[in-house]
Amino acid sequence: MITEKTVFAWDKGDMESVRNFLSASVFQRFSIQLQLMNTIDGEINRMKGFSVVSVRIIGMSMESDYLTLHLRIKCKTKDKTFPKQTSELEIQNQLNKEKVSVYEEIHSYTRKITTQTKPNIDLIHNLCPNCGATATFSHSTNKCEYCGSIYNSGEADWVLTEMTQLVEWDETNSKIGLDLQDGIAKQLLEDRASAVFWKYLHYQSLPNSEILKRDSVNESYNRLSGPGNAPIHSPVIGSCHLVHLDLKSKPQKMTCEIRWSGARKKGFIPEHRRSKIHLVLLNERTKTLGFSEESCNHCGAPLPEIDSSICSHCKGTIPGKVNDWLFESTELISL
């Protein structure tokens, strides 16, 4: 059901309706890919006749307080990329002529080990998975108005934390865990680093991008060359691995190595790259945040992608910086 909802949101060009089912990095991945495709490539990707053919569990891993199930999912669909000005009638006519393609992916779902999923008490049924209250604003806010549970944190229910192509799947990587203090898992840190790196790609690609500002150290942000100066076409992150962590330093520091690809110009062959992203933690991260990102403290709405101090949902005051790992710098290791 979550897979189908995610695909339908992609087809509509707006991932907001499934934000509460996805980890921060998965949500940023799809949202930013859609934005870049539309804005710098002038294209949209559309799908038709999508269905899940089969699902089976192929693995399980545990890191600190979190349990992850790895599902092999076989799907079929028609899909095609169009110039964004293509009419809906023409899109449907061309999709009808496309052949059905079949593909397989590994979808990884994570939740707290101590959590027990309650049948039919979930966001699929428009209910808070923690307290069972009606999730009236489940797709415009990220927090239950009754118990304060953050929907996509992994604290109360399963959240989609990774989608991996079958050819890239390495089960041994899914079992490598680094036990960290205070219930922090390596997977959680990597999810945060990947989400921030996607925002960095957004900043590099779009001239008016402010998406990285709230997630950066001020000095680091000011050192950047300016938004839109190095556009990346068709970016894809293949993996993100924690390579350094210092919880004793002030501020705390971590470094992740990211393997990714992107093209310098539209139509060019994507280049495979390796980069390191360095992040620091200035203030204690909210323990219940899990795989989510900070949202409005008043109503739980997503923080705006612009430099604003007012929540667009409830008009409450929002912070200039998030209490989470912040972007410090990146370095290119190799092309």
# chains A, B, ... in the order shown; residues from 1 in each chain; ligands from 1
>>> residues_around(residues="Thr330 of chain A", least_positions_apart="4", cutoff="9 Å", atoms="only C-alpha atoms", output="ChimeraX atom specification")
/A:197,275-278
>>> write_last_selection(atoms="N, CA and C atoms", output="mmCIF file, in the first residue's frame")
data_model
loop_
_atom_site.group_PDB
_atom_site.id
_atom_site.type_symbol
_atom_site.label_atom_id
_atom_site.label_comp_id
_atom_site.auth_asym_id
_atom_site.auth_seq_id
_atom_site.Cartn_x
_atom_site.Cartn_y
_atom_site.Cartn_z
ATOM 1 N N PHE A 197 22.507 16.088 2.118
ATOM 2 C CA PHE A 197 23.228 16.107 0.839
ATOM 3 C C PHE A 197 22.270 16.378 -0.318
ATOM 4 N N SER A 275 31.798 11.566 -2.694
ATOM 5 C CA SER A 275 31.979 12.789 -1.909
ATOM 6 C C SER A 275 31.894 12.465 -0.435
ATOM 7 N N LYS A 276 32.510 13.334 0.353
ATOM 8 C CA LYS A 276 32.329 13.266 1.801
ATOM 9 C C LYS A 276 31.536 14.482 2.229
ATOM 10 N N ILE A 277 30.581 14.254 3.123
ATOM 11 C CA ILE A 277 29.820 15.356 3.694
ATOM 12 C C ILE A 277 30.101 15.388 5.185
ATOM 13 N N HIS A 278 30.447 16.564 5.696
ATOM 14 C CA HIS A 278 30.774 16.746 7.108
ATOM 15 C C HIS A 278 29.637 17.510 7.782
#
>>> closest_residue(among="A:Val7, A:Leu189, A:Leu201, A:Ala195", to="Ser64 of chain A", atoms="only C-alpha atoms")
A:Leu189
>>> residues_around(residues="Ser31 of chain A", least_positions_apart="3", cutoff="6 Å", atoms="only C-alpha atoms", output="ChimeraX atom specification")
/A:15,28,34
>>> closest_residue(among="A:Val196, A:Ile150, A:Ile211, A:Leu242", to="Cys299 of chain A", atoms="only C-alpha atoms")
A:Ile150
>>> residues_around(residues="Lys99 of chain A", least_positions_apart="5", cutoff="10 Å", atoms="only C-alpha atoms", output="PDB file with N, CA, C and O atoms, in the first residue's frame")
ATOM      1  N   THR A  77       4.600  -1.671 -14.560  1.00  0.00           N
ATOM      2  CA  THR A  77       4.045  -0.350 -14.855  1.00  0.00           C
ATOM      3  C   THR A  77       4.401   0.061 -16.279  1.00  0.00           C
ATOM      4  O   THR A  77       5.239  -0.567 -16.943  1.00  0.00           O
ATOM      5  N   LYS A  78       3.776   1.122 -16.730  1.00  0.00           N
ATOM      6  CA  LYS A  78       4.202   1.843 -17.920  1.00  0.00           C
ATOM      7  C   LYS A  78       4.730   3.188 -17.444  1.00  0.00           C
ATOM      8  O   LYS A  78       4.112   3.815 -16.582  1.00  0.00           O
ATOM      9  N   ASP A  79       5.855   3.633 -17.972  1.00  0.00           N
ATOM     10  CA  ASP A  79       6.321   4.972 -17.601  1.00  0.00           C
ATOM     11  C   ASP A  79       7.099   5.597 -18.746  1.00  0.00           C
ATOM     12  O   ASP A  79       7.701   4.899 -19.563  1.00  0.00           O
TER      13      ASP A  79
END
>>> residues_around(residues="Pro304 of chain A", least_positions_apart="4", cutoff="12 Å", atoms="only C-alpha atoms", output="count of residues only")
24
>>> closest_residue(among="A:Val217, A:Ile32, A:Met47, A:Leu303", to="Ile91 of chain A", atoms="only C-alpha atoms")
A:Met47
>>> closest_residue(among="A:Ser239, A:Ser334, A:Ser329, A:Asn208", to="Glu305 of chain A", atoms="only C-alpha atoms")
A:Asn208
>>> select_by_dssp(residues="segment 62-298 of chain A", states="alpha helix (DSSP H)", output="ChimeraX atom specification")
/A:88-97,171-174,186-205,218-223
>>> residues_around(residues="Lys253 of chain A", least_positions_apart="3", cutoff="6 Å", atoms="only C-alpha atoms", output="count of residues only")
4
>>> closest_residue(among="A:Glu90, A:Ser51, A:Gln33, A:Phe27", to="His233 of chain A", atoms="only C-alpha atoms")
A:Gln33
>>> closest_residue(among="A:Thr134, A:Ser205, A:Thr164, A:Ser261", to="Tyr146 of chain A", atoms="only C-alpha atoms")
A:Thr134
>>> residues_around(residues="Arg111 of chain A", least_positions_apart="5", cutoff="12 Å", atoms="only C-alpha atoms", output="number ranges by chain")
A: 21-23, 60-69, 116-117, 129, 151-161, 185, 187-188, 288, 290-292
>>> select_by_dssp(residues="segment 82-190 of chain A", states="strand (DSSP E)", output="PyMOL selection string")
chain A and resi 82-83+101-112+159-165
>>> write_last_selection(atoms="N, CA, C and O atoms", output="PDB file, in the first residue's frame")
ATOM      1  N   PHE A  82       8.323  13.099 -20.312  1.00  0.00           N
ATOM      2  CA  PHE A  82       7.790  14.024 -21.304  1.00  0.00           C
ATOM      3  C   PHE A  82       8.303  15.445 -21.047  1.00  0.00           C
ATOM      4  O   PHE A  82       8.616  15.793 -19.903  1.00  0.00           O
ATOM      5  N   PRO A  83       8.338  16.297 -22.083  1.00  0.00           N
ATOM      6  CA  PRO A  83       8.504  17.738 -21.832  1.00  0.00           C
ATOM      7  C   PRO A  83       7.363  18.203 -20.943  1.00  0.00           C
ATOM      8  O   PRO A  83       6.217  17.772 -21.118  1.00  0.00           O
ATOM      9  N   SER A 101       6.560  -2.569 -18.327  1.00  0.00           N
ATOM     10  CA  SER A 101       7.881  -3.013 -17.859  1.00  0.00           C
ATOM     11  C   SER A 101       7.749  -3.609 -16.467  1.00  0.00           C
ATOM     12  O   SER A 101       6.911  -3.179 -15.663  1.00  0.00           O
ATOM     13  N   VAL A 102       8.566  -4.596 -16.189  1.00  0.00           N
ATOM     14  CA  VAL A 102       8.576  -5.262 -14.886  1.00  0.00           C
ATOM     15  C   VAL A 102       9.937  -5.025 -14.240  1.00  0.00           C
ATOM     16  O   VAL A 102      10.975  -5.131 -14.905  1.00  0.00           O
ATOM     17  N   TYR A 103       9.935  -4.647 -12.980  1.00  0.00           N
ATOM     18  CA  TYR A 103      11.193  -4.407 -12.284  1.00  0.00           C
ATOM     19  C   TYR A 103      11.083  -4.848 -10.831  1.00  0.00           C
ATOM     20  O   TYR A 103       9.985  -5.028 -10.303  1.00  0.00           O
ATOM     21  N   GLU A 104      12.242  -5.022 -10.201  1.00  0.00           N
ATOM     22  CA  GLU A 104      12.287  -5.419  -8.795  1.00  0.00           C
ATOM     23  C   GLU A 104      13.178  -4.469  -8.017  1.00  0.00           C
ATOM     24  O   GLU A 104      14.205  -4.002  -8.531  1.00  0.00           O
ATOM     25  N   GLU A 105      12.802  -4.176  -6.786  1.00  0.00           N
ATOM     26  CA  GLU A 105      13.573  -3.315  -5.890  1.00  0.00           C
ATOM     27  C   GLU A 105      13.547  -3.911  -4.486  1.00  0.00           C
ATOM     28  O   GLU A 105      12.690  -4.734  -4.165  1.00  0.00           O
ATOM     29  N   ILE A 106      14.496  -3.450  -3.689  1.00  0.00           N
ATOM     30  CA  ILE A 106      14.491  -3.786  -2.267  1.00  0.00           C
ATOM     31  C   ILE A 106      13.998  -2.562  -1.506  1.00  0.00           C
ATOM     32  O   ILE A 106      14.587  -1.483  -1.595  1.00  0.00           O
ATOM     33  N   HIS A 107      12.897  -2.718  -0.770  1.00  0.00           N
ATOM     34  CA  HIS A 107      12.368  -1.648   0.066  1.00  0.00           C
ATOM     35  C   HIS A 107      12.616  -1.996   1.524  1.00  0.00           C
ATOM     36  O   HIS A 107      12.265  -3.087   1.975  1.00  0.00           O
ATOM     37  N   SER A 108      13.238  -1.070   2.238  1.00  0.00           N
ATOM     38  CA  SER A 108      13.590  -1.296   3.642  1.00  0.00           C
ATOM     39  C   SER A 108      12.695  -0.456   4.544  1.00  0.00           C
ATOM     40  O   SER A 108      12.607   0.768   4.377  1.00  0.00           O
ATOM     41  N   TYR A 109      12.038  -1.122   5.491  1.00  0.00           N
ATOM     42  CA  TYR A 109      11.137  -0.463   6.435  1.00  0.00           C
ATOM     43  C   TYR A 109      11.700  -0.600   7.848  1.00  0.00           C
ATOM     44  O   TYR A 109      12.125  -1.692   8.248  1.00  0.00           O
ATOM     45  N   THR A 110      11.680   0.509   8.581  1.00  0.00           N
ATOM     46  CA  THR A 110      12.312   0.549   9.898  1.00  0.00           C
ATOM     47  C   THR A 110      11.337   1.066  10.950  1.00  0.00           C
ATOM     48  O   THR A 110      10.499   1.919  10.669  1.00  0.00           O
ATOM     49  N   ARG A 111      11.471   0.529  12.179  1.00  0.00           N
ATOM     50  CA  ARG A 111      10.723   1.050  13.325  1.00  0.00           C
ATOM     51  C   ARG A 111      11.494   0.703  14.588  1.00  0.00           C
ATOM     52  O   ARG A 111      12.423  -0.111  14.570  1.00  0.00           O
ATOM     53  N   LYS A 112      11.111   1.328  15.687  1.00  0.00           N
ATOM     54  CA  LYS A 112      11.706   1.010  16.984  1.00  0.00           C
ATOM     55  C   LYS A 112      11.455  -0.465  17.318  1.00  0.00           C
ATOM     56  O   LYS A 112      10.366  -0.985  17.075  1.00  0.00           O
ATOM     57  N   VAL A 159       8.430   2.918   8.812  1.00  0.00           N
ATOM     58  CA  VAL A 159       8.684   4.025   7.898  1.00  0.00           C
ATOM     59  C   VAL A 159       9.641   3.523   6.821  1.00  0.00           C
ATOM     60  O   VAL A 159      10.555   2.741   7.089  1.00  0.00           O
ATOM     61  N   LEU A 160       9.402   3.933   5.573  1.00  0.00           N
ATOM     62  CA  LEU A 160      10.249   3.518   4.454  1.00  0.00           C
ATOM     63  C   LEU A 160      11.561   4.290   4.514  1.00  0.00           C
ATOM     64  O   LEU A 160      11.578   5.512   4.334  1.00  0.00           O
ATOM     65  N   THR A 161      12.660   3.580   4.774  1.00  0.00           N
ATOM     66  CA  THR A 161      13.949   4.239   4.980  1.00  0.00           C
ATOM     67  C   THR A 161      14.913   4.069   3.806  1.00  0.00           C
ATOM     68  O   THR A 161      15.940   4.748   3.760  1.00  0.00           O
ATOM     69  N   GLU A 162      14.606   3.174   2.878  1.00  0.00           N
ATOM     70  CA  GLU A 162      15.510   2.999   1.739  1.00  0.00           C
ATOM     71  C   GLU A 162      14.814   2.244   0.621  1.00  0.00           C
ATOM     72  O   GLU A 162      13.995   1.358   0.861  1.00  0.00           O
ATOM     73  N   MET A 163      15.132   2.631  -0.621  1.00  0.00           N
ATOM     74  CA  MET A 163      14.694   1.901  -1.814  1.00  0.00           C
ATOM     75  C   MET A 163      15.945   1.646  -2.644  1.00  0.00           C
ATOM     76  O   MET A 163      16.617   2.596  -3.062  1.00  0.00           O
ATOM     77  N   THR A 164      16.265   0.388  -2.883  1.00  0.00           N
ATOM     78  CA  THR A 164      17.526   0.021  -3.516  1.00  0.00           C
ATOM     79  C   THR A 164      17.263  -0.822  -4.757  1.00  0.00           C
ATOM     80  O   THR A 164      16.445  -1.748  -4.722  1.00  0.00           O
ATOM     81  N   GLN A 165      17.944  -0.488  -5.853  1.00  0.00           N
ATOM     82  CA  GLN A 165      17.851  -1.315  -7.045  1.00  0.00           C
ATOM     83  C   GLN A 165      18.420  -2.699  -6.752  1.00  0.00           C
ATOM     84  O   GLN A 165      19.392  -2.841  -6.016  1.00  0.00           O
TER      85      GLN A 165
END
>>> atom_distance(atom1="atom CA of Ile44 of chain A", atom2="atom CA of Lys80 of chain A")
8.6 Å
